[in-house]
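J.: Below is one structure. I have some questions about it.
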Amino acid sequence: MPLELDTDGIWTLLPKGFPEGFEFKMKNGKKLGFDFPCTMCNNLIFGPFGNDQYQTLVDSKSLKPEYETRHEMSIFFELDGPYKCMLIPASTEEGKMLKKRYAVFNHAGKMTEVKGFELKRRGELKIIKIFQEEVFSQFLEGSSLQECYDACGEVGERWYDILDSKGEYIDDQELIEYIGEEKVLSKSISEYGSKKGTSITCAKRLAEFLGQDALKEGSLNVKFIISKMPMDEKVASRAIPTAIFDTDKPIKEKFLKKWLKDSNMTSFDLRSILDWDYYKERLGGAIQKIITIPAALQNCMNPIPKIAYPQWLHKRIKIQEDKFKQKDMKHFF
């Protein structure tokens with residue numbers, strides 16, 4: 001069963017009894033061993049897909065050059081593995097497959113390869129990275145599929161509860177560490193022109209209370225959170241530099257009133273400013289891709305009920321569980 005295909009690799013699930021290695025016993029008593037899957041794949045592609053007209057110059061000094069023609073195949077399979085577990089995330093969109101994203105564990109339970117996840121990306125929310133660091137190993141737990149997803153669900157629910165409770169059990173500094181986004185602007189602000197983005201908005205606001213000199217040095221590192229105000233503006237316009245929360249009270253209040261466009265603001269607490277729904281959607285999406293959607297597609301109960309399925313998945317599950325559903329035409333043949 002093919003699991004993930006790429007231009008230079010195939011991840012596949014083989015039957016448990018499938019021979020990994022094979023040995024010939026020679027007439028002289030010696031043994032000749034080889035990798036069975038690789039050798040068979042190479043043999044199958046060598047004949048029909050090789051180059052029958054591959055030519056090599058035999059004698060370059062001759063007045064009439066002679067060429068040796070032979071059948072040649074320069075692409076061959078190599079075997080990696082076997083591995084104990086492979087994790088492939090689902091998409092939150094119906095009928096869409098996520099490409100080049102997987103994590104692989106060896107038989108010792110150690111992650112040997114990870115590709116495409118937020119865990120490897122710079123500037124991603126730390127809370128998503130830590131969640132992924134902890135949840136991947138849980139896919140090796142349990143004696144059944146449901147127990148496996150339940151173990152993963154415990155990790156996902158614990159991190160989601162931090163946002164759901166509005167950081168009830170952590171201080172502001174730790175909260176910013178988890179949800180603050182950090183990005184690097186390699187060019188000066190003037191070079192971005194009319195472009196919009198969270199990092200550009202943050203840089204401009206840093207200059208407002210730190211002075212324009214803060215933007216003159218080469219690359220600029222910006223760290224920000226997303227506020228819920230102003231309500232009618234896009235996320236790119238709601239980036240607030242985290243440095244403002246470490247300034248003197250009069251300066252903090254002045255600029256937060258300006259940026260949030262609320263001159264009557266009375267609460268300047270970080271938790272009252274944050275767009276909690278935005279962060280819950282970000283983390284919830286990562287949890288859906290790795291835990292809840294794959295669990296549902298494999299007929300398991302939702303291990304984190306507070307994170308709802310996408311609408312299309314609700315519909316699919318309802319059809320699957322309908323006792324009076326209309327049978328497919330193929331059923332009658």
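Letters for chains follow the order of the structure tokens (A, B, ...), residue numbers begin at 1 for each chain, and ligand numbers begin at 1 in the order shown.
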Could you give me, as a list of chain:residue names, the residues within 8 Å of Cys85 (chain A), counting only C-alpha atoms and dropping anything in the same chain fewer than 3 positions from it?
T.: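 Selected residues are A:Val104, A:Phe105, A:Asn106, A:Phe139, A:Leu140.
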J.: Please extract the residues of region 187-279 of chain A with a backbone DSSP assignment of helix (DSSP H, G or I) and present them as a PyMOL selection string.
T.: chain A and resi 189-192+198-210+212-215+235-237+242-246+249-259+270-273+276-279
J.: Going by DSSP on the backbone, which bits of region 3-122 of chain A are strand (DSSP E)? Write them as an mmCIF file with N, CA, C and O atoms, in the first residue's frame, please.
T.:
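Contents of part_11.cif, as written:
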data_model
loop_
_atom_site.group_PDB
_atom_site.id
_atom_site.type_symbol
_atom_site.label_atom_id
_atom_site.label_comp_id
_atom_site.auth_asym_id
_atom_site.auth_seq_id
_atom_site.Cartn_x
_atom_site.Cartn_y
_atom_site.Cartn_z
ATOM 1 N N LEU A 3 1.992 4.914 0.730
ATOM 2 C CA LEU A 3 1.587 5.888 1.745
ATOM 3 C C LEU A 3 1.878 7.313 1.294
ATOM 4 O O LEU A 3 1.065 8.209 1.497
ATOM 5 N N GLU A 4 3.047 7.538 0.718
ATOM 6 C CA GLU A 4 3.452 8.882 0.314
ATOM 7 C C GLU A 4 4.404 8.763 -0.860
ATOM 8 O O GLU A 4 5.360 7.996 -0.815
ATOM 9 N N LEU A 5 4.110 9.484 -1.932
ATOM 10 C CA LEU A 5 4.940 9.410 -3.133
ATOM 11 C C LEU A 5 5.595 10.756 -3.409
ATOM 12 O O LEU A 5 4.985 11.798 -3.207
ATOM 13 N N ASP A 6 6.825 10.720 -3.849
ATOM 14 C CA ASP A 6 7.547 11.930 -4.203
ATOM 15 C C ASP A 6 8.350 11.633 -5.464
ATOM 16 O O ASP A 6 8.404 10.490 -5.911
ATOM 17 N N GLY A 9 11.228 9.334 -4.074
ATOM 18 C CA GLY A 9 11.026 8.361 -3.004
ATOM 19 C C GLY A 9 9.605 7.847 -2.907
ATOM 20 O O GLY A 9 8.652 8.527 -3.298
ATOM 21 N N ILE A 10 9.469 6.637 -2.405
ATOM 22 C CA ILE A 10 8.164 6.017 -2.189
ATOM 23 C C ILE A 10 8.137 5.450 -0.774
ATOM 24 O O ILE A 10 9.003 4.658 -0.397
ATOM 25 N N TRP A 11 7.161 5.895 0.022
ATOM 26 C CA TRP A 11 6.932 5.296 1.337
ATOM 27 C C TRP A 11 5.792 4.302 1.175
ATOM 28 O O TRP A 11 4.734 4.649 0.645
ATOM 29 N N THR A 12 5.993 3.087 1.606
ATOM 30 C CA THR A 12 4.961 2.080 1.388
ATOM 31 C C THR A 12 4.811 1.155 2.588
ATOM 32 O O THR A 12 5.726 0.987 3.388
ATOM 33 N N GLY A 21 14.863 -9.396 3.107
ATOM 34 C CA GLY A 21 16.092 -9.868 2.468
ATOM 35 C C GLY A 21 15.881 -11.274 1.922
ATOM 36 O O GLY A 21 14.938 -11.969 2.297
ATOM 37 N N PHE A 22 16.737 -11.673 1.007
ATOM 38 C CA PHE A 22 16.604 -13.012 0.408
ATOM 39 C C PHE A 22 18.001 -13.571 0.159
ATOM 40 O O PHE A 22 18.936 -12.826 -0.089
ATOM 41 N N GLU A 23 18.119 -14.880 0.219
ATOM 42 C CA GLU A 23 19.422 -15.516 0.000
ATOM 43 C C GLU A 23 19.323 -16.649 -1.004
ATOM 44 O O GLU A 23 18.382 -17.437 -0.964
ATOM 45 N N PHE A 24 20.298 -16.689 -1.905
ATOM 46 C CA PHE A 24 20.453 -17.841 -2.797
ATOM 47 C C PHE A 24 21.562 -18.725 -2.227
ATOM 48 O O PHE A 24 22.581 -18.207 -1.747
ATOM 49 N N LYS A 25 21.353 -20.011 -2.265
ATOM 50 C CA LYS A 25 22.419 -20.930 -1.873
ATOM 51 C C LYS A 25 23.108 -21.399 -3.145
ATOM 52 O O LYS A 25 22.492 -22.013 -4.019
ATOM 53 N N LYS A 31 26.549 -18.467 0.210
ATOM 54 C CA LYS A 31 25.233 -17.829 0.115
ATOM 55 C C LYS A 31 25.378 -16.446 -0.507
ATOM 56 O O LYS A 31 26.332 -15.726 -0.229
ATOM 57 N N LEU A 32 24.415 -16.090 -1.339
ATOM 58 C CA LEU A 32 24.389 -14.783 -1.980
ATOM 59 C C LEU A 32 23.126 -14.062 -1.529
ATOM 60 O O LEU A 32 22.013 -14.476 -1.848
ATOM 61 N N GLY A 33 23.284 -12.980 -0.751
ATOM 62 C CA GLY A 33 22.125 -12.260 -0.225
ATOM 63 C C GLY A 33 21.861 -10.962 -0.967
ATOM 64 O O GLY A 33 22.761 -10.376 -1.558
ATOM 65 N N PHE A 34 20.605 -10.511 -0.940
ATOM 66 C CA PHE A 34 20.239 -9.237 -1.570
ATOM 67 C C PHE A 34 18.940 -8.709 -0.937
ATOM 68 O O PHE A 34 18.177 -9.457 -0.333
ATOM 69 N N ASP A 35 18.719 -7.383 -1.079
ATOM 70 C CA ASP A 35 17.470 -6.759 -0.617
ATOM 71 C C ASP A 35 16.367 -7.122 -1.592
ATOM 72 O O ASP A 35 16.408 -6.726 -2.756
ATOM 73 N N ASN A 51 17.053 2.464 -21.385
ATOM 74 C CA ASN A 51 17.393 3.051 -22.682
ATOM 75 C C ASN A 51 18.065 1.994 -23.551
ATOM 76 O O ASN A 51 19.186 1.566 -23.290
ATOM 77 N N ASP A 52 17.379 1.564 -24.623
ATOM 78 C CA ASP A 52 17.902 0.522 -25.522
ATOM 79 C C ASP A 52 18.986 1.051 -26.459
ATOM 80 O O ASP A 52 19.663 0.280 -27.116
ATOM 81 N N GLN A 53 19.121 2.381 -26.524
ATOM 82 C CA GLN A 53 20.052 2.958 -27.497
ATOM 83 C C GLN A 53 21.191 3.717 -26.810
ATOM 84 O O GLN A 53 21.708 4.687 -27.334
ATOM 85 N N TYR A 54 21.569 3.259 -25.636
ATOM 86 C CA TYR A 54 22.656 3.901 -24.909
ATOM 87 C C TYR A 54 23.973 3.551 -25.597
ATOM 88 O O TYR A 54 24.315 2.370 -25.740
ATOM 89 N N GLN A 55 24.701 4.567 -26.046
ATOM 90 C CA GLN A 55 25.914 4.322 -26.832
ATOM 91 C C GLN A 55 27.175 4.851 -26.146
ATOM 92 O O GLN A 55 27.173 5.932 -25.562
ATOM 93 N N THR A 56 28.222 4.069 -26.240
ATOM 94 C CA THR A 56 29.525 4.436 -25.682
ATOM 95 C C THR A 56 30.570 4.375 -26.803
ATOM 96 O O THR A 56 30.630 3.387 -27.543
ATOM 97 N N LEU A 57 31.375 5.411 -26.915
ATOM 98 C CA LEU A 57 32.416 5.465 -27.948
ATOM 99 C C LEU A 57 33.506 4.442 -27.614
ATOM 100 O O LEU A 57 34.091 4.463 -26.541
ATOM 101 N N TYR A 67 30.756 2.881 -32.026
ATOM 102 C CA TYR A 67 30.029 3.002 -30.764
ATOM 103 C C TYR A 67 29.463 1.654 -30.349
ATOM 104 O O TYR A 67 28.997 0.878 -31.194
ATOM 105 N N GLU A 68 29.518 1.408 -29.069
ATOM 106 C CA GLU A 68 28.930 0.185 -28.522
ATOM 107 C C GLU A 68 27.530 0.535 -27.996
ATOM 108 O O GLU A 68 27.377 1.438 -27.183
ATOM 109 N N THR A 69 26.543 -0.166 -28.485
ATOM 110 C CA THR A 69 25.154 0.098 -28.070
ATOM 111 C C THR A 69 24.718 -0.949 -27.050
ATOM 112 O O THR A 69 24.933 -2.145 -27.254
ATOM 113 N N ARG A 70 24.119 -0.470 -25.980
ATOM 114 C CA ARG A 70 23.644 -1.408 -24.950
ATOM 115 C C ARG A 70 22.392 -0.867 -24.244
ATOM 116 O O ARG A 70 22.049 0.311 -24.397
ATOM 117 N N HIS A 71 21.750 -1.740 -23.494
ATOM 118 C CA HIS A 71 20.578 -1.364 -22.706
ATOM 119 C C HIS A 71 21.063 -0.802 -21.364
ATOM 120 O O HIS A 71 21.831 -1.449 -20.655
ATOM 121 N N GLU A 72 20.637 0.402 -21.009
ATOM 122 C CA GLU A 72 21.137 1.063 -19.800
ATOM 123 C C GLU A 72 19.981 1.651 -18.965
ATOM 124 O O GLU A 72 19.030 2.218 -19.505
ATOM 125 N N CYS A 85 6.765 3.101 12.503
ATOM 126 C CA CYS A 85 5.565 3.935 12.421
ATOM 127 C C CYS A 85 5.809 5.111 11.488
ATOM 128 O O CYS A 85 6.895 5.680 11.462
ATOM 129 N N MET A 86 4.783 5.457 10.715
ATOM 130 C CA MET A 86 4.841 6.657 9.880
ATOM 131 C C MET A 86 3.573 7.469 10.110
ATOM 132 O O MET A 86 2.465 6.935 10.064
ATOM 133 N N LEU A 87 3.759 8.739 10.379
ATOM 134 C CA LEU A 87 2.630 9.635 10.636
ATOM 135 C C LEU A 87 2.442 10.563 9.446
ATOM 136 O O LEU A 87 3.362 11.263 9.041
ATOM 137 N N TYR A 102 5.462 14.354 6.744
ATOM 138 C CA TYR A 102 5.418 13.068 7.442
ATOM 139 C C TYR A 102 6.467 13.035 8.547
ATOM 140 O O TYR A 102 7.420 13.825 8.559
ATOM 141 N N ALA A 103 6.256 12.115 9.480
ATOM 142 C CA ALA A 103 7.238 11.833 10.535
ATOM 143 C C ALA A 103 7.399 10.325 10.590
ATOM 144 O O ALA A 103 6.415 9.584 10.479
ATOM 145 N N VAL A 104 8.645 9.867 10.758
ATOM 146 C CA VAL A 104 8.941 8.433 10.722
ATOM 147 C C VAL A 104 9.695 8.017 11.982
ATOM 148 O O VAL A 104 10.608 8.701 12.430
ATOM 149 N N PHE A 105 9.281 6.891 12.559
ATOM 150 C CA PHE A 105 9.925 6.347 13.752
ATOM 151 C C PHE A 105 10.541 4.989 13.436
ATOM 152 O O PHE A 105 9.945 4.187 12.708
ATOM 153 N N MET A 111 12.385 9.109 16.554
ATOM 154 C CA MET A 111 12.018 9.759 15.299
ATOM 155 C C MET A 111 13.266 9.919 14.434
ATOM 156 O O MET A 111 14.233 10.558 14.835
ATOM 157 N N THR A 112 13.259 9.305 13.256
ATOM 158 C CA THR A 112 14.434 9.337 12.393
ATOM 159 C C THR A 112 14.311 10.368 11.274
ATOM 160 O O THR A 112 15.313 10.762 10.693
ATOM 161 N N GLU A 113 13.088 10.777 10.971
ATOM 162 C CA GLU A 113 12.903 11.764 9.903
ATOM 163 C C GLU A 113 11.587 12.503 10.110
ATOM 164 O O GLU A 113 10.569 11.912 10.448
ATOM 165 N N VAL A 114 11.608 13.807 9.925
ATOM 166 C CA VAL A 114 10.384 14.614 9.991
ATOM 167 C C VAL A 114 10.459 15.662 8.888
ATOM 168 O O VAL A 114 11.493 16.277 8.675
ATOM 169 N N LYS A 115 9.354 15.821 8.167
ATOM 170 C CA LYS A 115 9.369 16.724 7.015
ATOM 171 C C LYS A 115 8.042 17.483 6.899
ATOM 172 O O LYS A 115 6.970 16.896 7.041
#
J.: Using only C-alpha atoms, tabulate the residues of region 222-326 of chain A lying at most 12 Å from any atom of region 165-182 of chain A, each with its closest atom pair and that distance in Å to one decimal, by chain and increasing residue number, as JSON lines.
T.:
{"residue": "A:Val222", "atom": "CA", "partner": "A:Glu182", "partner_atom": "CA", "distance": 5.6}
{"residue": "A:Lys223", "atom": "CA", "partner": "A:Glu182", "partner_atom": "CA", "distance": 4.3}
{"residue": "A:Phe224", "atom": "CA", "partner": "A:Glu181", "partner_atom": "CA", "distance": 5.4}
{"residue": "A:Ile225", "atom": "CA", "partner": "A:Gly180", "partner_atom": "CA", "distance": 5.2}
{"residue": "A:Ile226", "atom": "CA", "partner": "A:Gly180", "partner_atom": "CA", "distance": 8.4}
{"residue": "A:Ser227", "atom": "CA", "partner": "A:Gly180", "partner_atom": "CA", "distance": 11.3}
{"residue": "A:Ala239", "atom": "CA", "partner": "A:Glu181", "partner_atom": "CA", "distance": 9.5}
{"residue": "A:Ile240", "atom": "CA", "partner": "A:Gly180", "partner_atom": "CA", "distance": 9.8}
{"residue": "A:Pro241", "atom": "CA", "partner": "A:Gly180", "partner_atom": "CA", "distance": 9.1}
{"residue": "A:Thr242", "atom": "CA", "partner": "A:Gly180", "partner_atom": "CA", "distance": 7.5}
{"residue": "A:Ala243", "atom": "CA", "partner": "A:Ile176", "partner_atom": "CA", "distance": 10.6}
{"residue": "A:Phe245", "atom": "CA", "partner": "A:Asp172", "partner_atom": "CA", "distance": 9.7}
{"residue": "A:Asp246", "atom": "CA", "partner": "A:Gln173", "partner_atom": "CA", "distance": 10.2}
{"residue": "A:Asp269", "atom": "CA", "partner": "A:Asp172", "partner_atom": "CA", "distance": 9.3}
{"residue": "A:Leu270", "atom": "CA", "partner": "A:Asp172", "partner_atom": "CA", "distance": 7.3}
{"residue": "A:Arg271", "atom": "CA", "partner": "A:Lys166", "partner_atom": "CA", "distance": 6.9}
{"residue": "A:Ser272", "atom": "CA", "partner": "A:Lys166", "partner_atom": "CA", "distance": 9.2}
{"residue": "A:Ile273", "atom": "CA", "partner": "A:Lys166", "partner_atom": "CA", "distance": 11.1}
{"residue": "A:Leu274", "atom": "CA", "partner": "A:Lys166", "partner_atom": "CA", "distance": 9.1}
{"residue": "A:Asp275", "atom": "CA", "partner": "A:Lys166", "partner_atom": "CA", "distance": 10.1}
{"residue": "A:Trp276", "atom": "CA", "partner": "A:Lys166", "partner_atom": "CA", "distance": 7.2}
{"residue": "A:Asp277", "atom": "CA", "partner": "A:Lys166", "partner_atom": "CA", "distance": 10.1}
{"residue": "A:Tyr278", "atom": "CA", "partner": "A:Ile179", "partner_atom": "CA", "distance": 10.6}
{"residue": "A:Tyr279", "atom": "CA", "partner": "A:Ile179", "partner_atom": "CA", "distance": 7.5}
{"residue": "A:Lys280", "atom": "CA", "partner": "A:Lys166", "partner_atom": "CA", "distance": 9.9}
{"residue": "A:Arg282", "atom": "CA", "partner": "A:Ile179", "partner_atom": "CA", "distance": 10.1}
{"residue": "A:Leu283", "atom": "CA", "partner": "A:Ile179", "partner_atom": "CA", "distance": 9.9}
J.: Could you tell me which of A:Gly29, A:Gly116, A:Gly95, A:Pro37 comes closest to Arg316 (chain A) if we count only C-alpha atoms?
T.: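 Checking each candidate against Arg316 (chain A), we get A:Gly95 as the closest.
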J.: Residues near Cys152 (chain A), anyone? I mean within 7 Å using only C-alpha atoms, not counting same-chain ones fewer than 4 positions away, as an MDAnalysis selection string.
T.: chainID A and resid 135 138:139 148 156 291
J.: Write the residues of the preceding selection, restricted to N, CA and C atoms, as a PDB file, in the first residue's frame.
T.:
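Output below, filename part.pdb:
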ATOM      1  N   VAL A 135       3.426  15.205  20.828  1.00  0.00           N
ATOM      2  CA  VAL A 135       2.376  14.301  20.342  1.00  0.00           C
ATOM      3  C   VAL A 135       2.909  13.201  19.428  1.00  0.00           C
ATOM      4  N   GLN A 138       3.526   9.840  20.877  1.00  0.00           N
ATOM      5  CA  GLN A 138       2.336   9.181  21.410  1.00  0.00           C
ATOM      6  C   GLN A 138       1.674   8.249  20.390  1.00  0.00           C
ATOM      7  N   PHE A 139       2.061   8.401  19.128  1.00  0.00           N
ATOM      8  CA  PHE A 139       1.511   7.509  18.106  1.00  0.00           C
ATOM      9  C   PHE A 139       2.065   6.091  18.224  1.00  0.00           C
ATOM     10  N   CYS A 148      -4.408   4.543  20.795  1.00  0.00           N
ATOM     11  CA  CYS A 148      -3.347   5.385  20.243  1.00  0.00           C
ATOM     12  C   CYS A 148      -3.836   6.828  20.118  1.00  0.00           C
ATOM     13  N   GLY A 156      -2.943  16.836  22.967  1.00  0.00           N
ATOM     14  CA  GLY A 156      -3.597  17.930  22.252  1.00  0.00           C
ATOM     15  C   GLY A 156      -4.517  18.727  23.155  1.00  0.00           C
ATOM     16  N   ILE A 291      -4.548  14.771  14.658  1.00  0.00           N
ATOM     17  CA  ILE A 291      -5.267  13.843  15.538  1.00  0.00           C
ATOM     18  C   ILE A 291      -6.726  13.612  15.139  1.00  0.00           C
TER      19      ILE A 291
END
J.: For Trp312 (chain A), please output as a compact mmCIF listing (two decimals) with N, CA, C and O atoms, in the first residue's frame all residues within 12 Å (counting only C-alpha atoms; exclusion window: fewer than 2 positions along the same chain).
T.:
# COMPACT_ATOMS: atom_id res chain seq x y z
N SER A 91 -5.71 16.83 5.72
CA SER A 91 -6.00 18.23 5.41
C SER A 91 -7.32 18.62 6.04
O SER A 91 -8.22 17.78 6.20
N THR A 92 -7.46 19.89 6.40
CA THR A 92 -8.74 20.36 6.96
C THR A 92 -9.75 20.61 5.84
O THR A 92 -10.92 20.85 6.11
N GLU A 93 -9.30 20.53 4.57
CA GLU A 93 -10.19 20.72 3.43
C GLU A 93 -10.57 19.38 2.83
O GLU A 93 -9.74 18.47 2.74
N GLU A 94 -11.80 19.25 2.41
CA GLU A 94 -12.30 17.98 1.87
C GLU A 94 -11.62 17.63 0.55
O GLU A 94 -11.47 18.47 -0.34
N GLY A 95 -11.20 16.37 0.44
CA GLY A 95 -10.63 15.87 -0.80
C GLY A 95 -9.23 16.35 -1.12
O GLY A 95 -8.71 16.08 -2.20
N LYS A 96 -8.59 17.06 -0.18
CA LYS A 96 -7.25 17.58 -0.43
C LYS A 96 -6.22 16.77 0.34
O LYS A 96 -6.46 16.38 1.47
N ILE A 293 -9.04 14.61 12.70
CA ILE A 293 -9.52 14.21 11.36
C ILE A 293 -9.03 12.81 10.99
O ILE A 293 -9.83 11.96 10.57
N ALA A 296 -11.12 10.26 12.87
CA ALA A 296 -12.47 10.10 12.32
C ALA A 296 -12.45 9.30 11.03
O ALA A 296 -13.32 8.45 10.80
N LEU A 297 -11.47 9.56 10.18
CA LEU A 297 -11.38 8.84 8.90
C LEU A 297 -11.02 7.37 9.09
O LEU A 297 -11.19 6.57 8.17
N ALA A 308 -14.17 20.74 17.35
CA ALA A 308 -15.18 20.20 16.42
C ALA A 308 -14.56 19.82 15.08
O ALA A 308 -13.55 20.38 14.66
N TYR A 309 -15.20 18.86 14.41
CA TYR A 309 -14.78 18.47 13.07
C TYR A 309 -15.13 19.59 12.08
O TYR A 309 -16.07 20.35 12.31
N PRO A 310 -14.44 19.66 10.94
CA PRO A 310 -14.89 20.56 9.86
C PRO A 310 -16.28 20.11 9.39
O PRO A 310 -16.65 18.95 9.55
N HIS A 314 -18.27 16.28 9.37
CA HIS A 314 -19.52 16.01 10.09
C HIS A 314 -20.51 15.31 9.16
O HIS A 314 -21.16 14.33 9.52
N LYS A 315 -20.60 15.85 7.93
CA LYS A 315 -21.53 15.30 6.94
C LYS A 315 -21.15 13.87 6.57
O LYS A 315 -22.01 12.99 6.48
N ARG A 316 -19.85 13.63 6.38
CA ARG A 316 -19.38 12.30 5.99
C ARG A 316 -19.66 11.27 7.09
O ARG A 316 -20.11 10.15 6.82
N ILE A 317 -19.40 11.65 8.35
CA ILE A 317 -19.64 10.74 9.48
C ILE A 317 -21.13 10.44 9.62
O ILE A 317 -21.53 9.30 9.89
N LYS A 318 -21.95 11.46 9.41
CA LYS A 318 -23.40 11.28 9.50
C LYS A 318 -23.89 10.27 8.47
O LYS A 318 -24.73 9.41 8.76
N ILE A 319 -23.33 10.34 7.26
CA ILE A 319 -23.70 9.40 6.20
C ILE A 319 -23.24 7.99 6.56
O ILE A 319 -23.97 7.00 6.37
J.: Which one of A:Pro65, A:Phe46, A:Lys84, A:Glu147 sits closest to Ala295 (chain A) if you count only C-alpha atoms?
T.: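 Of the candidates, the smallest distance to Ala295 (chain A) is held by A:Glu147.
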J.: As an exercise, work out the distance from CA of Gly285 (chain A) to CA of Arg238 (chain A) in Å and give it to one decimal place.
T.: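 Spanning CA of Gly285 (chain A) to CA of Arg238 (chain A) is a straight-line distance of 20.5 Å.
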J.: Could you state the separation of CA of Leu163 (chain A) and CA of Ile128 (chain A) in Å, given to one decimal place?
T.: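 Atom-to-atom, CA of Leu163 (chain A) and CA of Ile128 (chain A) are spaced 11.6 Å apart.
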J.: Counting only C-alpha atoms, which of A:Gly211, A:Gly197, A:Gly123, A:Gly153 gets nearest to Val184 (chain A)?
T.: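 The shortest atom-to-atom distance to Val184 (chain A) comes from A:Gly123.
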